[in-house]
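Structure data follow from entry.cif (mmCIF, C-alpha atoms):
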```cif
data_query
loop_
_atom_site.label_atom_id
_atom_site.label_comp_id
_atom_site.auth_asym_id
_atom_site.auth_seq_id
_atom_site.Cartn_x
_atom_site.Cartn_y
_atom_site.Cartn_z
CA MET A 1 -123.28 -46.19 -83.93
CA ASP A 2 -120.08 -46.88 -85.90
CA THR A 3 -120.49 -50.51 -86.93
CA GLN A 4 -117.56 -50.41 -89.36
CA GLN A 5 -115.20 -51.49 -86.55
CA VAL A 6 -117.70 -53.04 -84.09
CA PHE A 7 -118.64 -56.66 -84.81
CA GLU A 8 -120.10 -57.55 -81.40
CA LEU A 9 -121.67 -55.76 -78.44
CA ALA A 10 -123.80 -56.44 -75.38
CA LEU A 11 -127.40 -55.34 -75.88
CA THR A 12 -128.87 -53.33 -72.98
CA ARG A 13 -131.78 -51.00 -72.33
CA ASP A 14 -129.39 -48.09 -72.92
CA ASN A 15 -128.37 -49.04 -76.45
CA ILE A 16 -131.35 -51.02 -77.74
CA GLN A 17 -132.61 -48.14 -79.88
CA GLN A 18 -129.17 -47.76 -81.48
CA VAL A 19 -129.13 -51.47 -82.27
CA VAL A 20 -132.62 -51.34 -83.77
CA ASP A 21 -131.54 -48.35 -85.87
CA THR A 22 -128.48 -50.31 -87.00
CA SER A 23 -130.77 -53.09 -88.23
CA LEU A 24 -132.25 -50.65 -90.75
CA ASN A 25 -129.00 -50.85 -92.74
CA GLN A 26 -127.23 -53.94 -91.44
CA LEU A 27 -128.30 -57.40 -90.32
CA VAL A 28 -128.23 -57.75 -86.52
CA VAL A 29 -127.94 -61.18 -84.90
CA LEU A 30 -129.34 -61.36 -81.36
CA CYS A 31 -128.00 -64.13 -79.14
CA PHE A 32 -129.87 -64.60 -75.84
CA HIS A 33 -127.86 -66.24 -73.05
CA ALA A 34 -127.52 -66.63 -69.29
CA ARG A 35 -124.77 -67.79 -66.94
CA ALA A 36 -127.06 -70.56 -65.69
CA GLN A 37 -127.13 -71.95 -69.24
CA PRO A 38 -123.49 -72.61 -70.30
CA ASP A 39 -124.59 -73.84 -73.73
CA SER A 40 -126.12 -70.44 -74.45
CA GLN A 41 -122.86 -68.68 -73.63
CA THR A 42 -121.00 -71.12 -75.87
CA MET A 43 -123.43 -70.24 -78.67
CA CYS A 44 -122.62 -66.54 -78.22
CA SER A 45 -118.91 -67.34 -78.44
CA ARG A 46 -119.39 -69.31 -81.64
CA LEU A 47 -121.40 -66.49 -83.17
CA GLY A 48 -118.71 -64.05 -82.09
CA VAL A 49 -116.16 -65.98 -84.15
CA MET A 50 -118.51 -65.85 -87.15
CA ALA A 51 -119.08 -62.12 -86.69
CA ARG A 52 -115.36 -61.37 -86.68
CA ARG A 53 -114.84 -63.60 -89.69
CA ALA A 54 -117.67 -61.83 -91.53
CA GLN A 55 -115.89 -58.47 -91.07
CA GLY A 56 -118.99 -56.31 -90.75
CA ARG A 57 -121.54 -58.24 -92.78
CA PHE A 58 -123.58 -58.49 -89.58
CA LEU A 59 -123.54 -57.13 -86.04
CA LEU A 60 -123.76 -59.60 -83.15
CA ALA A 61 -125.71 -58.30 -80.15
CA THR A 62 -125.61 -60.59 -77.12
CA VAL A 63 -128.39 -60.35 -74.52
CA ASP A 64 -127.83 -61.41 -70.91
CA CYS A 65 -131.34 -62.55 -69.98
CA GLU A 66 -130.58 -62.37 -66.25
CA ALA A 67 -129.57 -58.71 -66.45
CA GLU A 68 -131.93 -57.68 -69.25
CA MET A 69 -135.16 -59.47 -68.38
CA GLU A 70 -137.31 -56.77 -70.04
CA ILE A 71 -135.59 -57.29 -73.39
CA ALA A 72 -135.90 -61.07 -73.12
CA SER A 73 -139.59 -60.68 -72.26
CA TYR A 74 -140.14 -58.29 -75.17
CA PHE A 75 -138.78 -60.87 -77.61
CA ARG A 76 -140.71 -63.65 -75.83
CA ILE A 77 -137.67 -65.78 -75.17
CA GLN A 78 -138.71 -69.16 -73.75
CA ALA A 79 -135.55 -71.25 -74.17
CA LEU A 80 -131.80 -70.72 -74.20
CA PRO A 81 -129.89 -70.36 -76.32
CA THR A 82 -132.16 -68.44 -78.69
CA VAL A 83 -130.82 -66.66 -81.78
CA LEU A 84 -132.86 -64.10 -83.71
CA LEU A 85 -131.99 -62.25 -86.92
CA LEU A 86 -133.11 -58.63 -86.89
CA SER A 87 -133.63 -56.58 -90.06
CA GLN A 88 -135.51 -53.30 -90.47
CA GLY A 89 -136.25 -53.47 -86.75
CA GLN A 90 -138.08 -56.81 -87.01
CA PRO A 91 -137.09 -60.46 -86.41
CA ILE A 92 -136.90 -62.24 -89.78
CA ASP A 93 -135.41 -65.61 -88.84
CA GLY A 94 -133.88 -67.52 -85.95
CA PHE A 95 -133.87 -70.67 -83.87
CA ALA A 96 -133.85 -71.95 -80.30
CA GLY A 97 -131.52 -74.63 -78.97
CA GLU A 98 -128.35 -76.04 -80.48
CA ARG A 99 -127.38 -75.82 -84.15
CA ALA A 100 -124.24 -76.87 -85.98
CA ASP A 101 -122.01 -74.06 -87.28
CA ALA A 102 -122.69 -75.09 -90.87
CA ASP A 103 -126.45 -74.78 -90.34
CA ILE A 104 -126.07 -71.37 -88.71
CA GLU A 105 -123.84 -70.10 -91.51
CA SER A 106 -126.31 -71.41 -94.10
CA MET A 107 -129.14 -69.50 -92.40
CA LEU A 108 -127.04 -66.33 -92.24
CA GLU A 109 -126.08 -66.50 -95.92
CA LYS A 110 -129.76 -66.35 -96.88
CA HIS A 111 -130.02 -62.89 -95.33
CA LEU A 112 -126.54 -61.37 -95.55
CA PRO A 113 -125.66 -58.90 -98.31
CA PRO A 114 -122.71 -59.72 -100.58
CA LEU A 115 -119.39 -58.45 -99.29
CA TRP A 116 -119.00 -56.15 -102.31
CA GLN A 117 -122.08 -54.18 -101.24
CA LEU A 118 -120.50 -53.46 -97.86
CA LYS A 119 -117.28 -52.35 -99.55
CA LEU A 120 -119.29 -50.11 -101.88
CA ALA A 121 -121.12 -48.52 -98.96
CA GLU A 122 -117.82 -47.96 -97.13
CA ALA A 123 -116.26 -46.40 -100.23
CA LYS A 124 -119.17 -43.98 -100.60
CA VAL A 125 -118.71 -42.86 -97.00
CA LEU A 126 -115.00 -42.29 -97.69
CA LEU A 127 -115.80 -40.30 -100.84
CA ALA A 128 -118.18 -38.10 -98.88
CA LYS A 129 -115.40 -37.21 -96.45
CA GLY A 130 -113.50 -35.53 -99.28
CA ASP A 131 -110.03 -36.38 -97.94
CA ALA A 132 -110.06 -40.15 -98.40
CA ALA A 133 -110.28 -40.45 -102.19
CA GLN A 134 -107.36 -42.88 -102.41
CA GLN A 135 -108.91 -45.26 -99.88
CA ALA A 136 -112.25 -45.06 -101.68
CA HIS A 137 -110.52 -45.62 -105.02
CA ASP A 138 -108.75 -48.76 -103.83
CA LEU A 139 -111.97 -50.22 -102.43
CA LEU A 140 -113.97 -49.39 -105.55
CA LYS A 141 -111.29 -50.79 -107.82
CA SER A 142 -111.49 -54.17 -106.08
CA VAL A 143 -115.30 -54.09 -106.16
CA TYR A 144 -115.40 -53.15 -109.86
CA GLN A 145 -113.33 -56.22 -110.71
CA GLU A 146 -116.21 -58.26 -109.30
CA VAL A 147 -119.26 -56.17 -110.25
CA LYS A 148 -119.06 -54.10 -113.42
CA ASP A 149 -122.26 -52.08 -113.35
CA ALA A 150 -123.27 -48.44 -112.92
CA THR A 151 -123.72 -48.67 -109.14
CA VAL A 152 -119.98 -49.26 -108.84
CA ALA A 153 -118.70 -47.56 -112.00
CA LEU A 154 -120.08 -44.13 -111.10
CA PRO A 155 -118.47 -43.77 -107.64
CA PHE A 156 -115.31 -45.38 -109.05
CA ALA A 157 -115.20 -42.70 -111.77
CA ASP A 158 -115.80 -40.08 -109.08
CA ALA A 159 -112.77 -41.31 -107.11
CA CYS A 160 -110.65 -41.38 -110.27
CA LEU A 161 -111.54 -37.77 -111.06
CA LEU A 162 -110.64 -36.70 -107.52
CA LEU A 163 -107.23 -38.34 -107.97
CA GLY A 164 -106.70 -36.88 -111.44
CA ASP A 165 -106.99 -40.20 -113.30
CA ILE A 166 -108.91 -38.69 -116.19
CA ALA A 167 -108.40 -41.58 -118.62
CA THR A 168 -109.87 -44.22 -116.32
CA ALA A 169 -112.76 -41.94 -115.34
CA GLN A 170 -113.58 -41.39 -119.01
CA GLN A 171 -113.46 -45.14 -119.71
CA LEU A 172 -115.81 -45.83 -116.81
CA LEU A 173 -118.31 -43.15 -117.81
CA ASP A 174 -118.30 -44.45 -121.39
CA THR A 175 -119.65 -47.78 -120.08
CA ILE A 176 -122.77 -46.21 -118.53
CA GLY A 177 -125.96 -47.01 -120.44
CA LEU A 178 -128.78 -44.55 -121.04
CA ALA A 179 -130.92 -46.02 -118.27
CA ASP A 180 -128.25 -45.17 -115.68
CA GLN A 181 -127.36 -41.68 -116.90
CA ASP A 182 -128.89 -39.95 -113.90
CA GLY A 183 -128.00 -36.71 -112.14
CA TYR A 184 -124.88 -38.25 -110.61
CA PHE A 185 -123.70 -39.31 -114.06
CA GLN A 186 -124.33 -35.84 -115.51
CA SER A 187 -122.41 -34.26 -112.63
CA LEU A 188 -119.44 -36.55 -113.26
CA LYS A 189 -119.54 -35.83 -117.01
CA ALA A 190 -119.37 -32.11 -116.21
CA LYS A 191 -116.39 -32.71 -113.90
CA LEU A 192 -114.71 -34.76 -116.63
CA THR A 193 -115.18 -31.95 -119.16
CA LEU A 194 -113.58 -29.47 -116.77
CA ALA A 195 -110.71 -31.87 -116.07
CA LEU A 196 -110.07 -32.39 -119.78
CA GLU A 197 -110.07 -28.65 -120.40
CA ALA A 198 -107.65 -28.11 -117.52
CA ALA A 199 -105.39 -30.82 -118.92
CA ASP A 200 -105.25 -29.14 -122.34
CA THR A 201 -102.32 -26.88 -121.45
CA PRO A 202 -100.58 -24.36 -123.77
CA GLU A 203 -97.49 -26.60 -123.70
CA ILE A 204 -99.51 -29.58 -124.94
CA ARG A 205 -101.20 -27.53 -127.65
CA GLN A 206 -97.81 -26.26 -128.86
CA LEU A 207 -96.34 -29.77 -128.91
CA GLN A 208 -99.42 -31.12 -130.70
CA GLN A 209 -99.05 -28.46 -133.37
CA ALA A 210 -95.36 -29.32 -133.83
CA PHE A 211 -96.20 -33.04 -133.95
CA GLU A 212 -98.91 -32.51 -136.59
CA GLN A 213 -96.37 -30.66 -138.74
CA ASN A 214 -93.88 -33.52 -138.51
CA CYS A 215 -95.11 -36.77 -136.99
CA ASP A 216 -91.75 -38.43 -137.84
CA ASP A 217 -89.93 -36.23 -135.32
CA TYR A 218 -89.52 -38.76 -132.52
CA GLY A 219 -88.11 -36.15 -130.16
CA VAL A 220 -91.34 -34.13 -130.37
CA ARG A 221 -93.41 -37.31 -130.07
CA ILE A 222 -91.62 -38.22 -126.83
CA GLU A 223 -92.04 -34.74 -125.36
CA LEU A 224 -95.73 -34.69 -126.27
CA ALA A 225 -96.24 -38.13 -124.71
CA ARG A 226 -94.50 -37.01 -121.52
CA ALA A 227 -96.61 -33.83 -121.35
CA LEU A 228 -99.81 -35.81 -121.83
CA VAL A 229 -98.92 -38.27 -119.07
CA ALA A 230 -97.98 -35.40 -116.75
CA ALA A 231 -101.45 -33.91 -117.40
CA HIS A 232 -103.09 -37.22 -116.40
CA ARG A 233 -103.83 -38.07 -120.01
CA GLU A 234 -101.90 -41.31 -119.72
CA GLU A 235 -103.76 -43.29 -122.37
CA GLU A 236 -103.09 -40.68 -125.05
CA GLY A 237 -99.41 -40.50 -124.13
CA LEU A 238 -98.91 -44.26 -124.08
CA ALA A 239 -100.80 -44.72 -127.34
CA LEU A 240 -98.57 -42.13 -129.01
CA LEU A 241 -95.45 -44.13 -128.19
CA PHE A 242 -96.95 -47.58 -128.71
CA GLU A 243 -97.92 -46.60 -132.25
CA VAL A 244 -94.21 -46.45 -133.04
CA LEU A 245 -93.23 -49.54 -131.01
CA GLY A 246 -95.79 -51.59 -132.92
CA LYS A 247 -93.74 -50.96 -136.04
CA ASP A 248 -90.20 -50.79 -134.64
CA LEU A 249 -89.20 -51.73 -131.07
CA GLY A 250 -85.77 -50.15 -131.55
CA ALA A 251 -87.04 -46.82 -132.90
CA HIS A 252 -85.03 -43.69 -132.08
CA GLY A 253 -82.12 -45.74 -130.77
CA GLY A 254 -84.38 -47.58 -128.32
CA GLN A 255 -85.33 -44.34 -126.56
CA ILE A 256 -89.05 -44.64 -127.37
CA LYS A 257 -89.16 -48.07 -125.75
CA GLN A 258 -87.25 -46.84 -122.68
CA VAL A 259 -89.51 -43.81 -122.17
CA PHE A 260 -92.56 -46.03 -122.65
CA MET A 261 -91.34 -48.50 -120.00
CA ASP A 262 -90.45 -45.65 -117.62
CA MET A 263 -94.01 -44.37 -117.90
CA LEU A 264 -95.43 -47.80 -117.12
CA THR A 265 -93.16 -48.10 -114.09
CA ALA A 266 -94.19 -44.67 -112.82
CA MET A 267 -97.89 -45.59 -113.14
CA GLY A 268 -97.35 -48.61 -110.89
CA GLN A 269 -98.14 -52.32 -110.96
CA GLY A 270 -101.74 -51.82 -109.79
CA ASN A 271 -102.72 -49.42 -112.58
CA SER A 272 -105.10 -51.18 -115.00
CA LEU A 273 -104.12 -49.01 -117.98
CA ALA A 274 -100.43 -49.63 -117.35
CA ASN A 275 -101.06 -53.38 -117.10
CA GLN A 276 -103.00 -53.28 -120.36
CA TYR A 277 -100.07 -51.66 -122.16
CA ARG A 278 -97.58 -53.99 -120.47
CA ARG A 279 -99.43 -56.92 -122.02
CA LYS A 280 -99.38 -55.20 -125.40
CA LEU A 281 -95.63 -54.64 -125.10
CA TYR A 282 -95.00 -58.26 -124.05
CA SER A 283 -96.95 -59.45 -127.09
CA LEU A 284 -94.49 -57.53 -129.27
CA LEU A 285 -91.44 -58.79 -127.38
CA TYR A 286 -92.45 -62.44 -127.30
#
```
Output the file's structure as structure tokens, nothing else.
Amino acid sequence: MDTQQVFELALTRDNIQQVVDTSLNQLVVLCFHARAQPDSQTMCSRLGVMARRAQGRFLLATVDCEAEMEIASYFRIQALPTVLLLSQGQPIDGFAGERADADIESMLEKHLPPLWQLKLAEAKVLLAKGDAAQQAHDLLKSVYQEVKDATVALPFADACLLLGDIATAQQLLDTIGLADQDGYFQSLKAKLTLALEAADTPEIRQLQQAFEQNCDDYGVRIELARALVAAHREEEGLALLFEVLGKDLGAHGGQIKQVFMDMLTAMGQGNSLANQYRRKLYSLLY
């Protein structure tokens, strides 16, 4: 069952096994109702609003006790409305009768996973598809701003490598402690090594040699920085130019500053490395 887009469904004998299976990975809220009990139908409506607001943190399964008497009997429903929380195929909490929204939400929060965990799970599914790296990257970037640990950093680095963002991937992998350097980590380190080797082009090696011979040649410095950025080695390229700007903002007739700003613009407002160097530049300007 695809519960990424389904927040509510009617539980029947035909789909009860699917719903139980869903509860192995996602909290399921069962709401038992009947037309003869208007308050129970109102309760289902209120829970439906909460389910849509929760955006996938739980699945609401409504049970019409008049049509699905066997299911109601199985769960030993004696009063309506009755609400049960299902996890790992078993009821773990619930109540019968009326409850205020605040009380229901408080009960749910005790059992619901944090939203970032759902985003992480969704991002991993996108990564596995192989053609949704950008979507996975955007999700993981937002999650990493909230939770900076290996469970997020590793798939985030994976997405960065798929998109060619070698610098960010390397930064993320450098944060991984020994305890978290598992097989996934080793695989990503191997991918990073291959990416770095692929980015070390003959053009870059030639420019590096020329730069080492005369580091005061700003024309060569600019060309080397451009080549590095084009090879997804943005941090090296930006650092090469910022080294000069830190000493002289008007160096090379202002061309170094212009090329530097063009690079930042090309990397985009959402790029963390670009934003880091924007702040550094602003500190020099102001």
For this session: Could you check how far CA of His232 in chain A sits from CA of Pro202 in chain A, in Å to one decimal?
Result: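 For CA of His232 in chain A relative to CA of Pro202 in chain A, the distance reads 15.0 Å.
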Exercise. Given the file above and the PyMOL selection byres ((chain A and resi 170) around 10), which residues are selected, and can you give them as a PyMOL selection string?
Worked result: chain A and resi 157+160-161+165-169+171-175+188-189+192-193+196
For this session: Mind giving me the straight-line distance from CA of Ala51 in chain A to CA of Lys148 in chain A in Å, one decimal?
Result: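 These two atoms are separated by 27.9 Å.
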For this session: Measuring atom to atom with all atoms listed in the file, identify which of A:Asp39, A:Glu109, A:Asp262, A:Glu66 is nearest to Thr82 in chain A.
Result: A:Asp39
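The space separating CA of Leu238 in chain A from CA of Gln213 in chain A comes to 20.2 Å.
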For this session: Return as number ranges by chain the set of residues that the PyMOL selection byres ((chain A and resi 20-26) around 10) yields on the displayed structure.
Result: A: 1-3, 15-19, 27-29, 56-59, 85-91, 112-113, 118
Problem set entry | Explicit residues for the PyMOL selection byres ((chain A and resi 133-146) around 9) (as number ranges by chain) | A: 116-117, 119-120, 122-132, 147-149, 152-153, 155-160, 162-163
Problem set entry | Closest of A:Cys44, A:Val63, A:Ala239, A:Met263 to Lys280 in chain A - atom-to-atom distances counting only C-alpha atoms | A:Ala239
For this session: Would you mind listing what lies within 12 Å of Arg205 in chain A as a list in words, with only C-alpha atoms counted and same-chain residues fewer than 6 positions away left out?
Result: Glu197, Ala199, Phe211, Glu212, Glu223, Leu224, Ala227 and Leu228 of chain A
Exercise. Counting all atoms listed in the file, which of A:Cys31, A:Gln186, A:Gln208, A:Lys110 gets nearest to Ala96 in chain A?
Worked result: A:Cys31
Using the partial input, fill out range 95-114 of chain A with N, CA, C and O atoms; write the result as a PDB file, in the frame of the given file.
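Dumped to selection-v1.pdb:
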```
ATOM      1  N   PHE A  95    -133.679 -69.310 -84.375  1.00  0.00           N
ATOM      2  CA  PHE A  95    -133.870 -70.670 -83.870  1.00  0.00           C
ATOM      3  C   PHE A  95    -133.626 -70.684 -82.366  1.00  0.00           C
ATOM      4  O   PHE A  95    -133.019 -69.763 -81.800  1.00  0.00           O
ATOM      5  N   ALA A  96    -134.101 -71.726 -81.728  1.00  0.00           N
ATOM      6  CA  ALA A  96    -133.850 -71.950 -80.300  1.00  0.00           C
ATOM      7  C   ALA A  96    -133.160 -73.298 -80.150  1.00  0.00           C
ATOM      8  O   ALA A  96    -133.437 -74.235 -80.908  1.00  0.00           O
ATOM      9  N   GLY A  97    -132.243 -73.388 -79.187  1.00  0.00           N
ATOM     10  CA  GLY A  97    -131.520 -74.630 -78.970  1.00  0.00           C
ATOM     11  C   GLY A  97    -130.216 -74.681 -79.731  1.00  0.00           C
ATOM     12  O   GLY A  97    -129.722 -73.673 -80.229  1.00  0.00           O
ATOM     13  N   GLU A  98    -129.654 -75.856 -79.837  1.00  0.00           N
ATOM     14  CA  GLU A  98    -128.350 -76.040 -80.480  1.00  0.00           C
ATOM     15  C   GLU A  98    -128.481 -76.165 -81.994  1.00  0.00           C
ATOM     16  O   GLU A  98    -129.474 -76.711 -82.508  1.00  0.00           O
ATOM     17  N   ARG A  99    -127.502 -75.657 -82.693  1.00  0.00           N
ATOM     18  CA  ARG A  99    -127.380 -75.820 -84.150  1.00  0.00           C
ATOM     19  C   ARG A  99    -125.904 -75.965 -84.493  1.00  0.00           C
ATOM     20  O   ARG A  99    -125.054 -75.335 -83.861  1.00  0.00           O
ATOM     21  N   ALA A 100    -125.619 -76.739 -85.496  1.00  0.00           N
ATOM     22  CA  ALA A 100    -124.240 -76.870 -85.980  1.00  0.00           C
ATOM     23  C   ALA A 100    -123.814 -75.571 -86.669  1.00  0.00           C
ATOM     24  O   ALA A 100    -124.650 -74.835 -87.222  1.00  0.00           O
ATOM     25  N   ASP A 101    -122.520 -75.275 -86.648  1.00  0.00           N
ATOM     26  CA  ASP A 101    -122.010 -74.060 -87.280  1.00  0.00           C
ATOM     27  C   ASP A 101    -122.423 -73.969 -88.747  1.00  0.00           C
ATOM     28  O   ASP A 101    -122.792 -72.897 -89.238  1.00  0.00           O
ATOM     29  N   ALA A 102    -122.344 -75.099 -89.449  1.00  0.00           N
ATOM     30  CA  ALA A 102    -122.690 -75.090 -90.870  1.00  0.00           C
ATOM     31  C   ALA A 102    -124.145 -74.686 -91.085  1.00  0.00           C
ATOM     32  O   ALA A 102    -124.467 -73.946 -92.028  1.00  0.00           O
ATOM     33  N   ASP A 103    -125.027 -75.147 -90.214  1.00  0.00           N
ATOM     34  CA  ASP A 103    -126.450 -74.780 -90.340  1.00  0.00           C
ATOM     35  C   ASP A 103    -126.674 -73.307 -90.050  1.00  0.00           C
ATOM     36  O   ASP A 103    -127.481 -72.638 -90.708  1.00  0.00           O
ATOM     37  N   ILE A 104    -125.940 -72.798 -89.043  1.00  0.00           N
ATOM     38  CA  ILE A 104    -126.070 -71.370 -88.710  1.00  0.00           C
ATOM     39  C   ILE A 104    -125.572 -70.507 -89.869  1.00  0.00           C
ATOM     40  O   ILE A 104    -126.214 -69.532 -90.270  1.00  0.00           O
ATOM     41  N   GLU A 105    -124.418 -70.876 -90.404  1.00  0.00           N
ATOM     42  CA  GLU A 105    -123.840 -70.100 -91.510  1.00  0.00           C
ATOM     43  C   GLU A 105    -124.742 -70.148 -92.741  1.00  0.00           C
ATOM     44  O   GLU A 105    -124.875 -69.158 -93.465  1.00  0.00           O
ATOM     45  N   SER A 106    -125.384 -71.294 -92.969  1.00  0.00           N
ATOM     46  CA  SER A 106    -126.310 -71.410 -94.100  1.00  0.00           C
ATOM     47  C   SER A 106    -127.503 -70.478 -93.915  1.00  0.00           C
ATOM     48  O   SER A 106    -127.960 -69.827 -94.870  1.00  0.00           O
ATOM     49  N   MET A 107    -128.016 -70.397 -92.680  1.00  0.00           N
ATOM     50  CA  MET A 107    -129.140 -69.500 -92.400  1.00  0.00           C
ATOM     51  C   MET A 107    -128.706 -68.044 -92.589  1.00  0.00           C
ATOM     52  O   MET A 107    -129.439 -67.240 -93.184  1.00  0.00           O
ATOM     53  N   LEU A 108    -127.525 -67.696 -92.112  1.00  0.00           N
ATOM     54  CA  LEU A 108    -127.040 -66.330 -92.240  1.00  0.00           C
ATOM     55  C   LEU A 108    -126.881 -65.925 -93.699  1.00  0.00           C
ATOM     56  O   LEU A 108    -127.238 -64.802 -94.096  1.00  0.00           O
ATOM     57  N   GLU A 109    -126.342 -66.826 -94.515  1.00  0.00           N
ATOM     58  CA  GLU A 109    -126.080 -66.500 -95.920  1.00  0.00           C
ATOM     59  C   GLU A 109    -127.359 -66.152 -96.667  1.00  0.00           C
ATOM     60  O   GLU A 109    -127.322 -65.409 -97.653  1.00  0.00           O
ATOM     61  N   LYS A 110    -128.492 -66.669 -96.218  1.00  0.00           N
ATOM     62  CA  LYS A 110    -129.760 -66.350 -96.880  1.00  0.00           C
ATOM     63  C   LYS A 110    -130.136 -64.879 -96.701  1.00  0.00           C
ATOM     64  O   LYS A 110    -130.910 -64.332 -97.480  1.00  0.00           O
ATOM     65  N   HIS A 111    -129.601 -64.256 -95.664  1.00  0.00           N
ATOM     66  CA  HIS A 111    -130.020 -62.890 -95.330  1.00  0.00           C
ATOM     67  C   HIS A 111    -128.894 -61.852 -95.439  1.00  0.00           C
ATOM     68  O   HIS A 111    -129.181 -60.652 -95.420  1.00  0.00           O
ATOM     69  N   LEU A 112    -127.654 -62.312 -95.533  1.00  0.00           N
ATOM     70  CA  LEU A 112    -126.540 -61.370 -95.550  1.00  0.00           C
ATOM     71  C   LEU A 112    -126.336 -60.781 -96.935  1.00  0.00           C
ATOM     72  O   LEU A 112    -126.466 -61.480 -97.948  1.00  0.00           O
ATOM     73  N   PRO A 113    -125.981 -59.501 -97.014  1.00  0.00           N
ATOM     74  CA  PRO A 113    -125.660 -58.900 -98.310  1.00  0.00           C
ATOM     75  C   PRO A 113    -124.293 -59.384 -98.770  1.00  0.00           C
ATOM     76  O   PRO A 113    -123.449 -59.778 -97.955  1.00  0.00           O
ATOM     77  N   PRO A 114    -124.040 -59.368-100.087  1.00  0.00           N
ATOM     78  CA  PRO A 114    -122.710 -59.720-100.580  1.00  0.00           C
ATOM     79  C   PRO A 114    -121.659 -58.769-100.008  1.00  0.00           C
ATOM     80  O   PRO A 114    -121.954 -57.599 -99.740  1.00  0.00           O
TER      81      PRO A 114
END
```
